[in-house]
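What's in data34.pdb: PDB, C-alpha atoms
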```
MODEL        1
ATOM      1  CA  LYS A 198      23.028 -82.256 -13.660
ATOM      2  CA  LEU A 199      26.370 -80.864 -12.673
ATOM      3  CA  GLN A 200      26.330 -78.632 -15.747
ATOM      4  CA  ASN A 201      22.880 -77.391 -14.810
ATOM      5  CA  LEU A 202      24.075 -76.589 -11.311
ATOM      6  CA  GLU A 203      27.075 -74.699 -12.694
ATOM      7  CA  ARG A 204      24.809 -72.771 -15.085
ATOM      8  CA  ILE A 205      22.427 -71.916 -12.243
ATOM      9  CA  ALA A 206      25.360 -70.881 -10.038
ATOM     10  CA  GLY A 207      26.614 -68.631 -12.843
ATOM     11  CA  GLN A 208      23.166 -67.068 -13.243
ATOM     12  CA  ILE A 209      22.949 -66.503  -9.487
ATOM     13  CA  SER A 210      26.372 -64.884  -9.492
ATOM     14  CA  THR A 211      25.402 -62.656 -12.425
ATOM     15  CA  ALA A 212      22.129 -61.711 -10.757
ATOM     16  CA  THR A 213      23.996 -60.915  -7.524
ATOM     17  CA  ASN A 214      26.446 -58.707  -9.390
ATOM     18  CA  ASP A 215      23.568 -56.970 -11.161
ATOM     19  CA  TRP A 216      21.789 -56.460  -7.859
ATOM     20  CA  GLN A 217      24.909 -55.000  -6.303
ATOM     21  CA  ALA A 218      25.273 -52.658  -9.283
ATOM     22  CA  VAL A 219      21.624 -51.627  -8.979
ATOM     23  CA  HIS A 220      22.031 -51.090  -5.220
ATOM     24  CA  LEU A 221      25.162 -48.986  -5.784
ATOM     25  CA  GLN A 222      23.391 -46.929  -8.435
ATOM     26  CA  SER A 223      20.425 -46.495  -6.135
ATOM     27  CA  GLU A 224      22.697 -45.174  -3.358
ATOM     28  CA  LYS A 225      24.287 -42.745  -5.817
ATOM     29  CA  THR A 226      20.838 -41.570  -6.934
ATOM     30  CA  SER A 227      19.685 -41.196  -3.320
ATOM     31  CA  ASN A 228      22.810 -39.198  -2.427
ATOM     32  CA  ALA A 229      22.350 -36.990  -5.486
ATOM     33  CA  ALA A 230      18.695 -36.402  -4.584
ATOM     34  CA  ARG A 231      19.704 -35.526  -1.013
ATOM     35  CA  GLU A 232      22.292 -33.060  -2.255
ATOM     36  CA  ILE A 233      19.768 -31.487  -4.613
ATOM     37  CA  ALA A 234      17.232 -31.202  -1.788
ATOM     38  CA  GLU A 235      19.818 -29.595   0.494
ATOM     39  CA  ARG A 236      20.849 -27.217  -2.268
ATOM     40  CA  ILE A 237      17.221 -26.251  -2.904
ATOM     41  CA  THR A 238      16.694 -25.704   0.821
ATOM     42  CA  ASN A 239      19.788 -23.512   1.091
ATOM     43  CA  GLU A 240      18.815 -21.515  -1.988
ATOM     44  CA  ALA A 241      15.287 -21.064  -0.651
ATOM     45  CA  ARG A 242      16.684 -19.875   2.688
ATOM     46  CA  ALA A 243      19.080 -17.500   0.953
ATOM     47  CA  PHE A 244      16.272 -16.176  -1.259
ATOM     48  CA  THR A 245      14.038 -15.655   1.780
ATOM     49  CA  GLU A 246      16.818 -13.748   3.537
ATOM     50  CA  PHE A 247      17.353 -11.654   0.411
ATOM     51  CA  LEU A 248      13.649 -10.830   0.223
ATOM     52  CA  GLN A 249      13.611  -9.921   3.914
ATOM     53  CA  LYS A 250      16.602  -7.603   3.507
ATOM     54  CA  ALA A 251      15.070  -6.053   0.392
ATOM     55  CA  ASN A 252      11.795  -5.581   2.260
ATOM     56  CA  ASP A 253      13.579  -3.977   5.205
ATOM     57  CA  ASN A 254      15.526  -1.675   2.889
ATOM     58  CA  GLU A 255      12.354  -0.714   1.053
ATOM     59  CA  LYS A 256      10.582  -0.013   4.349
ATOM     60  CA  ALA A 257      13.504   2.117   5.511
ATOM     61  CA  THR A 258      13.474   4.030   2.221
ATOM     62  CA  LEU A 259       9.712   4.566   2.395
ATOM     63  CA  ARG A 260       9.994   5.662   6.031
ATOM     64  CA  LEU A 261      12.669   8.173   5.051
ATOM     65  CA  GLU A 262      10.511   9.490   2.204
ATOM     66  CA  VAL A 263       7.502   9.795   4.534
ATOM     67  CA  ASP A 264       9.618  11.726   7.046
ATOM     68  CA  LYS A 265      10.781  14.059   4.275
ATOM     69  CA  LEU A 266       7.210  14.592   3.084
ATOM     70  CA  ARG A 267       6.076  15.319   6.632
ATOM     71  CA  ARG A 268       8.850  17.878   7.083
ATOM     72  CA  VAL A 269       7.939  19.511   3.773
ATOM     73  CA  GLU A 270       4.266  19.433   4.755
ATOM     74  CA  GLY A 271       5.062  21.112   8.067
ATOM     75  CA  GLU A 272       7.125  23.789   6.323
ATOM     76  CA  TRP A 273       4.489  24.725   3.755
ATOM     77  CA  LEU A 274       1.808  24.665   6.460
ATOM     78  CA  GLN A 275       3.822  27.192   8.455
ATOM     79  CA  VAL A 276       4.255  29.361   5.362
ATOM     80  CA  LEU A 277       0.546  29.180   4.521
ATOM     81  CA  VAL A 278      -0.501  29.970   8.107
ATOM     82  CA  ARG A 279       1.878  32.948   8.145
ATOM     83  CA  ILE A 280       0.415  34.247   4.869
ATOM     84  CA  LEU A 281      -3.126  33.911   6.233
ATOM     85  CA  ASP A 282      -2.054  35.721   9.419
ATOM     86  CA  HIS A 283      -0.851  38.643   7.305
ATOM     87  CA  ALA A 284      -4.122  38.619   5.358
ATOM     88  CA  HIS A 285      -6.061  38.659   8.632
ATOM     89  CA  ALA A 286      -3.933  41.539   9.944
ATOM     90  CA  LEU A 287      -4.632  43.444   6.714
ATOM     91  CA  HIS A 288      -8.364  42.862   7.165
ATOM     92  CA  ALA A 289      -8.218  43.895  10.828
ATOM     93  CA  GLY A 290      -6.439  47.112   9.866
ATOM     94  CA  ALA A 291      -9.098  47.869   7.263
ATOM     95  CA  VAL A 292     -11.846  47.307   9.835
ATOM     96  CA  ARG A 293     -10.142  49.633  12.326
ATOM     97  CA  SER A 294      -9.843  52.304   9.647
ATOM     98  CA  GLY A 295     -13.645  52.453   9.410
ATOM     99  CA  GLN A 296     -13.561  52.863   5.627
ATOM    100  CA  SER A 297     -16.201  50.543   4.193
ATOM    101  CA  ARG A 298     -14.738  50.876   0.705
ATOM    102  CA  MET A 299     -11.596  49.129   1.962
ATOM    103  CA  VAL A 300     -13.237  46.621   4.298
ATOM    104  CA  GLU A 301     -15.437  44.808   1.796
ATOM    105  CA  PRO A 302     -12.811  44.024  -0.904
ATOM    106  CA  ILE A 303     -10.219  43.028   1.714
ATOM    107  CA  GLN A 304     -12.800  40.830   3.434
ATOM    108  CA  GLN A 305     -13.542  39.165   0.102
ATOM    109  CA  PHE A 306      -9.812  38.707  -0.441
ATOM    110  CA  LEU A 307      -9.450  37.115   3.009
ATOM    111  CA  GLY A 308     -12.400  34.823   2.306
ATOM    112  CA  ALA A 309     -10.822  33.762  -1.000
ATOM    113  CA  CYS A 310      -7.554  32.999   0.830
ATOM    114  CA  HIS A 311      -9.428  30.870   3.377
ATOM    115  CA  ASP A 312     -11.274  29.017   0.606
ATOM    116  CA  SER A 313      -7.984  28.274  -1.133
ATOM    117  CA  ALA A 314      -6.478  27.004   2.134
ATOM    118  CA  ARG A 315      -9.458  24.720   2.734
ATOM    119  CA  ARG A 316      -8.841  23.106  -0.648
ATOM    120  CA  VAL A 317      -5.605  21.613   0.722
ATOM    121  CA  GLY A 318      -7.182  20.647   4.054
ATOM    122  CA  LEU A 319      -6.179  23.723   6.092
ATOM    123  CA  ALA A 320      -9.322  25.098   7.751
ATOM    124  CA  PRO A 321      -9.293  28.390   9.715
ATOM    125  CA  PHE A 322     -11.685  28.930  12.612
ATOM    126  CA  ALA A 323     -12.407  31.865  14.879
ATOM    127  CA  ALA A 324     -13.477  32.498  18.469
ATOM    128  CA  LYS A 325     -16.701  34.357  19.140
ATOM    129  CA  PRO A 326     -16.497  37.375  21.448
ATOM    130  CA  GLY A 327     -17.911  36.482  24.830
ATOM    131  CA  GLU A 328     -17.417  32.715  24.610
ATOM    132  CA  ALA A 329     -15.686  30.994  27.494
ATOM    133  CA  PHE A 330     -11.938  30.506  27.193
ATOM    134  CA  ASP A 331     -11.082  26.912  26.235
ATOM    135  CA  ALA A 332      -7.431  25.937  26.564
ATOM    136  CA  GLN A 333      -7.940  23.270  23.894
ATOM    137  CA  ARG A 334      -9.089  25.810  21.275
ATOM    138  CA  HIS A 335      -7.836  29.182  22.515
ATOM    139  CA  GLN A 336      -4.420  30.608  23.318
ATOM    140  CA  MET A 337      -3.366  33.958  24.751
ATOM    141  CA  LEU A 338      -0.645  35.995  23.078
ATOM    142  CA  ASP A 339       1.720  35.601  26.025
ATOM    143  CA  GLY A 340       1.007  31.868  26.207
ATOM    144  CA  GLU A 341      -0.165  32.048  29.826
ATOM    145  CA  ALA A 342      -3.430  30.577  31.071
ATOM    146  CA  PRO A 343      -6.091  33.135  32.078
ATOM    147  CA  ALA A 344      -8.052  33.102  35.309
ATOM    148  CA  ALA A 345     -11.009  30.788  35.681
ATOM    149  CA  GLY A 346     -14.170  32.093  34.042
ATOM    150  CA  ALA A 347     -12.306  34.251  31.517
ATOM    151  CA  THR A 348     -14.044  34.977  28.233
ATOM    152  CA  VAL A 349     -12.782  35.884  24.799
ATOM    153  CA  ALA A 350     -12.814  39.611  24.054
ATOM    154  CA  GLU A 351     -11.194  39.592  20.605
ATOM    155  CA  THR A 352      -9.710  37.204  18.061
ATOM    156  CA  VAL A 353      -6.172  38.299  17.268
ATOM    157  CA  ALA A 354      -5.375  35.537  14.759
ATOM    158  CA  ALA A 355      -7.359  32.578  13.463
ATOM    159  CA  GLY A 356      -6.818  29.038  14.629
ATOM    160  CA  PHE A 357      -6.206  26.288  12.085
ATOM    161  CA  THR A 358      -6.910  22.603  11.680
ATOM    162  CA  PHE A 359      -5.263  20.481   9.014
ATOM    163  CA  GLN A 360      -7.312  17.488   7.897
ATOM    164  CA  GLY A 361      -9.158  17.535  11.216
ATOM    165  CA  ARG A 362      -5.966  17.841  13.308
ATOM    166  CA  LEU A 363      -5.401  21.002  15.332
ATOM    167  CA  VAL A 364      -2.418  22.929  13.982
ATOM    168  CA  ARG A 365      -2.743  26.091  16.072
ATOM    169  CA  PRO A 366      -5.334  27.344  18.570
ATOM    170  CA  VAL A 367      -7.044  30.695  18.071
ATOM    171  CA  LEU A 368      -4.932  33.568  19.390
ATOM    172  CA  VAL A 369      -7.235  35.700  21.516
ATOM    173  CA  ARG A 370      -7.374  38.611  23.903
ATOM    174  CA  ILE A 371      -9.204  37.973  27.137
ATOM    175  CA  GLY A 372     -11.905  40.124  28.726
ATOM    176  CA  GLU A 373     -12.555  40.480  32.419
ATOM    177  CA  ALA A 374     -13.062  37.233  34.339
ATOM    178  CA  GLN A 375     -16.677  36.362  35.124
ATOM    179  CA  PRO A 376     -18.128  34.597  38.155
ATOM    180  CA  ALA A 377     -18.846  30.906  37.790
ATOM    181  CA  GLU A 378     -22.573  31.385  37.132
ATOM    182  CA  HIS A 379     -21.859  33.921  34.382
ATOM    183  CA  ALA A 380     -19.158  31.720  32.908
ATOM    184  CA  SER A 381     -21.632  28.864  32.524
ATOM    185  CA  ALA A 382     -24.105  31.198  30.858
ATOM    186  CA  ALA A 383     -21.415  32.400  28.464
ATOM    187  CA  ALA A 384     -20.793  28.806  27.415
ATOM    188  CA  GLU A 385     -24.356  28.533  26.052
ATOM    189  CA  PRO A 386     -24.701  28.698  22.260
ATOM    190  CA  ALA A 387     -24.741  32.244  20.956
ATOM    191  CA  PRO A 388     -27.334  33.470  18.442
ATOM    192  CA  ALA A 389     -26.489  32.834  14.819
ATOM    193  CA  PRO A 390     -24.202  35.630  13.553
ATOM    194  CA  VAL A 391     -25.184  37.845  10.668
ATOM    195  CA  PRO A 392     -23.551  36.594   7.435
ATOM    196  CA  ALA A 393     -20.499  38.598   6.421
ATOM    197  CA  PRO A 394     -20.590  40.498   3.121
ATOM    198  CA  GLY A 395     -20.043  38.203   0.177
ATOM    199  CA  THR A 396     -21.246  35.072   2.039
ATOM    200  CA  THR A 397     -24.463  33.133   2.115
ATOM    201  CA  GLU A 398     -26.666  32.684   5.153
ATOM    202  CA  GLY A 399     -26.009  28.931   5.432
ATOM    203  CA  GLU A 400     -22.235  29.198   5.267
ATOM    204  CA  ASP A 401     -20.208  28.219   8.368
ATOM    205  CA  GLN A 402     -19.325  31.501  10.068
ATOM    206  CA  SER A 403     -16.431  29.900  11.985
ATOM    207  CA  GLN A 404     -14.663  29.430   8.662
ATOM    208  CA  LEU A 405     -15.314  32.976   7.379
ATOM    209  CA  PRO A 406     -12.914  35.945   7.378
ATOM    210  CA  LEU A 407     -12.281  37.134  10.893
ATOM    211  CA  ALA A 408     -13.206  40.679  11.816
ATOM    212  CA  ALA A 409     -11.282  42.482  14.497
ATOM    213  CA  SER A 410     -12.826  44.922  16.904
TER     214      SER A 410
ENDMDL
END
```
Would you mind writing the file's structure down as structure tokens?
Amino acid sequence: KLQNLERIAGQISTATNDWQAVHLQSEKTSNAAREIAERITNEARAFTEFLQKANDNEKATLRLEVDKLRRVEGEWLQVLVRILDHAHALHAGAVRSGQSRMVEPIQQFLGACHDSARRVGLAPFAAKPGEAFDAQRHQMLDGEAPAAGATVAETVAAGFTFQGRLVRPVLVRIGEAQPAEHASAAAEPAPAPVPAPGTTEGEDQSQLPLAAS
């Protein structure tokens, strides 16, 4: 019996040592897992910060490129508007000369220039003689506001919209101011204008070559 007790005591001691070894190994494994989890968390945080910085840099680069494109767009719009102003002045000079042989080809040339401008979204529009002055659509040459009830006497240069956004109002000369009752009558729709040479009857006359008086 004593030998059995000694054998059992030895087995208990061995089992205890094994348990302690298992417990120690388990602690090491738990610590290693904790370190791995912390490392993964730190790497994930660092990667998220990297992505955020890269995203911010990309946004800044794209914003810079958009600003450059807008500046370039504004520059070529100014150039195109200036070219169309010269074409309109050429047409106005031909009209004042009274030589029909010059007016028709120059008017066709001006219409072709306007069509080409509309292809890139730049649409010219004119003011009709006699229509009421509208500060949102019309502008005097000196930049001052006319008296109340003023009406348009002549279109000096076309106005332009770019993709539906007003780029420049129509430059006009103003006729004599009208009383309030006449001003309201002038605001009524005018009869449909006669189509210009080289245009069809259904074409928008506000987008056609502008004739000067």
Item checked: Straight-line distance linking atom CA of Val278 of chain A with atom CA of Ala291 of chain A, stated in Å to one decimal -> 19.9 Å
Could you tell me, as a compact mmCIF listing (two decimals) with C-alpha atoms, keeping the file's coordinate frame, exactly which residues end up selected when the PyMOL selection byres ((chain A and resi 341-356) around 6) is applied to this structure?
```
# COMPACT_ATOMS: atom_id res chain seq x y z
CA PRO A 321 -9.29 28.39 9.72
CA PHE A 322 -11.68 28.93 12.61
CA ALA A 323 -12.41 31.86 14.88
CA PRO A 326 -16.50 37.38 21.45
CA GLY A 327 -17.91 36.48 24.83
CA GLU A 328 -17.42 32.72 24.61
CA ALA A 329 -15.69 30.99 27.49
CA PHE A 330 -11.94 30.51 27.19
CA ASP A 339 1.72 35.60 26.02
CA GLY A 340 1.01 31.87 26.21
CA PHE A 357 -6.21 26.29 12.08
CA ARG A 365 -2.74 26.09 16.07
CA PRO A 366 -5.33 27.34 18.57
CA VAL A 367 -7.04 30.70 18.07
CA LEU A 368 -4.93 33.57 19.39
CA VAL A 369 -7.24 35.70 21.52
CA ARG A 370 -7.37 38.61 23.90
CA ILE A 371 -9.20 37.97 27.14
CA GLY A 372 -11.90 40.12 28.73
CA ALA A 374 -13.06 37.23 34.34
CA GLN A 375 -16.68 36.36 35.12
CA ALA A 380 -19.16 31.72 32.91
```
Next item on the list: Just the residues within 12 Å of Leu277 of chain A, please, counting all atoms listed in the file, with nothing from its chain fewer than 2 positions along; format it as a list in words.
Entry: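 Once the nearby chain positions are removed, what remains is Glu270, Gly271, Glu272, Trp273, Leu274, Gln275, Arg279, Ile280, Leu281, Asp282, His283, Ala284, Cys310, His311, Ser313, Ala314, Arg315, Val317, Gly318, Leu319, Ala320, Pro321, Phe357, Phe359 and Val364 of chain A.
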Margin query: If I take atom CA of Val276 of chain A and atom CA of Gln296 of chain A, how far is one from the other in Å, to one decimal?
Written below: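 It comes out at 29.5 Å.
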Check: Hey, can you check how far atom CA of Arg293 of chain A sits from atom CA of Thr358 of chain A?
Finding: 27.2 Å
I'd like the box whose edges run along x, y and z of the file and which contains every listed atom of segment 328-337 of chain A, padded by 8 Å per side; could you state its centre and edge lengths in Å, one decimal, as AutoDock Vina command-line options?
```
--center_x -10.4 --center_y 28.6 --center_z 24.4 --size_x 30.1 --size_y 26.7 --size_z 22.2
```
Next item on the list: Starting from the displayed file, determine the output of the PyMOL selection byres ((chain A and resi 300) around 10) and express the residue list as a VMD selection string.
Entry: chain A and resid 287 to 299 301 to 306 394 408
Model the absent atoms of segment 301-327 of chain A so that N, CA and C atoms are present, and write the result as a PDB file, keeping the file's coordinate frame.
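And here is the file that came out, rebuild_0.pdb:
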```
ATOM      1  N   GLU A 301     -14.758  45.852   2.577  1.00  0.00           N
ATOM      2  CA  GLU A 301     -15.437  44.808   1.796  1.00  0.00           C
ATOM      3  C   GLU A 301     -14.499  44.081   0.831  1.00  0.00           C
ATOM      4  N   PRO A 302     -13.705  44.772  -0.001  1.00  0.00           N
ATOM      5  CA  PRO A 302     -12.811  44.024  -0.904  1.00  0.00           C
ATOM      6  C   PRO A 302     -11.741  43.217  -0.164  1.00  0.00           C
ATOM      7  N   ILE A 303     -11.233  43.769   0.956  1.00  0.00           N
ATOM      8  CA  ILE A 303     -10.219  43.028   1.714  1.00  0.00           C
ATOM      9  C   ILE A 303     -10.851  41.819   2.383  1.00  0.00           C
ATOM     10  N   GLN A 304     -12.121  41.967   2.833  1.00  0.00           N
ATOM     11  CA  GLN A 304     -12.800  40.830   3.434  1.00  0.00           C
ATOM     12  C   GLN A 304     -13.039  39.742   2.390  1.00  0.00           C
ATOM     13  N   GLN A 305     -13.387  40.140   1.180  1.00  0.00           N
ATOM     14  CA  GLN A 305     -13.542  39.165   0.102  1.00  0.00           C
ATOM     15  C   GLN A 305     -12.219  38.494  -0.226  1.00  0.00           C
ATOM     16  N   PHE A 306     -11.147  39.282  -0.209  1.00  0.00           N
ATOM     17  CA  PHE A 306      -9.812  38.707  -0.441  1.00  0.00           C
ATOM     18  C   PHE A 306      -9.461  37.691   0.635  1.00  0.00           C
ATOM     19  N   LEU A 307      -9.736  38.038   1.909  1.00  0.00           N
ATOM     20  CA  LEU A 307      -9.450  37.115   3.009  1.00  0.00           C
ATOM     21  C   LEU A 307     -10.283  35.846   2.885  1.00  0.00           C
ATOM     22  N   GLY A 308     -11.556  36.002   2.504  1.00  0.00           N
ATOM     23  CA  GLY A 308     -12.400  34.823   2.306  1.00  0.00           C
ATOM     24  C   GLY A 308     -11.878  33.930   1.189  1.00  0.00           C
ATOM     25  N   ALA A 309     -11.385  34.553   0.103  1.00  0.00           N
ATOM     26  CA  ALA A 309     -10.822  33.762  -1.000  1.00  0.00           C
ATOM     27  C   ALA A 309      -9.566  33.019  -0.547  1.00  0.00           C
ATOM     28  N   CYS A 310      -8.748  33.671   0.296  1.00  0.00           N
ATOM     29  CA  CYS A 310      -7.554  32.999   0.830  1.00  0.00           C
ATOM     30  C   CYS A 310      -7.947  31.804   1.694  1.00  0.00           C
ATOM     31  N   HIS A 311      -8.968  31.972   2.531  1.00  0.00           N
ATOM     32  CA  HIS A 311      -9.428  30.870   3.377  1.00  0.00           C
ATOM     33  C   HIS A 311      -9.988  29.729   2.536  1.00  0.00           C
ATOM     34  N   ASP A 312     -10.735  30.063   1.486  1.00  0.00           N
ATOM     35  CA  ASP A 312     -11.274  29.017   0.606  1.00  0.00           C
ATOM     36  C   ASP A 312     -10.145  28.237  -0.060  1.00  0.00           C
ATOM     37  N   SER A 313      -9.117  28.952  -0.497  1.00  0.00           N
ATOM     38  CA  SER A 313      -7.984  28.274  -1.133  1.00  0.00           C
ATOM     39  C   SER A 313      -7.265  27.370  -0.135  1.00  0.00           C
ATOM     40  N   ALA A 314      -7.134  27.827   1.115  1.00  0.00           N
ATOM     41  CA  ALA A 314      -6.478  27.004   2.134  1.00  0.00           C
ATOM     42  C   ALA A 314      -7.288  25.756   2.439  1.00  0.00           C
ATOM     43  N   ARG A 315      -8.619  25.894   2.453  1.00  0.00           N
ATOM     44  CA  ARG A 315      -9.458  24.720   2.734  1.00  0.00           C
ATOM     45  C   ARG A 315      -9.356  23.675   1.639  1.00  0.00           C
ATOM     46  N   ARG A 316      -8.996  24.069   0.446  1.00  0.00           N
ATOM     47  CA  ARG A 316      -8.841  23.106  -0.648  1.00  0.00           C
ATOM     48  C   ARG A 316      -7.707  22.117  -0.390  1.00  0.00           C
ATOM     49  N   VAL A 317      -6.721  22.516   0.394  1.00  0.00           N
ATOM     50  CA  VAL A 317      -5.605  21.613   0.722  1.00  0.00           C
ATOM     51  C   VAL A 317      -5.754  21.046   2.128  1.00  0.00           C
ATOM     52  N   GLY A 318      -6.920  21.247   2.751  1.00  0.00           N
ATOM     53  CA  GLY A 318      -7.182  20.647   4.054  1.00  0.00           C
ATOM     54  C   GLY A 318      -6.914  21.542   5.238  1.00  0.00           C
ATOM     55  N   LEU A 319      -6.462  22.797   5.003  1.00  0.00           N
ATOM     56  CA  LEU A 319      -6.179  23.723   6.092  1.00  0.00           C
ATOM     57  C   LEU A 319      -7.413  24.584   6.329  1.00  0.00           C
ATOM     58  N   ALA A 320      -8.068  24.407   7.463  1.00  0.00           N
ATOM     59  CA  ALA A 320      -9.322  25.098   7.751  1.00  0.00           C
ATOM     60  C   ALA A 320      -9.126  26.094   8.884  1.00  0.00           C
ATOM     61  N   PRO A 321      -9.370  27.397   8.639  1.00  0.00           N
ATOM     62  CA  PRO A 321      -9.293  28.390   9.715  1.00  0.00           C
ATOM     63  C   PRO A 321     -10.587  28.413  10.522  1.00  0.00           C
ATOM     64  N   PHE A 322     -10.492  28.755  11.784  1.00  0.00           N
ATOM     65  CA  PHE A 322     -11.685  28.930  12.612  1.00  0.00           C
ATOM     66  C   PHE A 322     -11.425  30.047  13.606  1.00  0.00           C
ATOM     67  N   ALA A 323     -12.513  30.691  14.028  1.00  0.00           N
ATOM     68  CA  ALA A 323     -12.407  31.865  14.879  1.00  0.00           C
ATOM     69  C   ALA A 323     -13.081  31.621  16.214  1.00  0.00           C
ATOM     70  N   ALA A 324     -12.806  32.518  17.164  1.00  0.00           N
ATOM     71  CA  ALA A 324     -13.477  32.498  18.469  1.00  0.00           C
ATOM     72  C   ALA A 324     -14.496  33.625  18.494  1.00  0.00           C
ATOM     73  N   LYS A 325     -15.650  33.350  19.055  1.00  0.00           N
ATOM     74  CA  LYS A 325     -16.701  34.357  19.140  1.00  0.00           C
ATOM     75  C   LYS A 325     -16.481  35.214  20.383  1.00  0.00           C
ATOM     76  N   PRO A 326     -16.617  36.509  20.262  1.00  0.00           N
ATOM     77  CA  PRO A 326     -16.497  37.375  21.448  1.00  0.00           C
ATOM     78  C   PRO A 326     -17.510  36.958  22.509  1.00  0.00           C
ATOM     79  N   GLY A 327     -17.036  36.837  23.735  1.00  0.00           N
ATOM     80  CA  GLY A 327     -17.911  36.482  24.830  1.00  0.00           C
ATOM     81  C   GLY A 327     -17.941  35.004  25.159  1.00  0.00           C
TER      82      GLY A 327
END
```
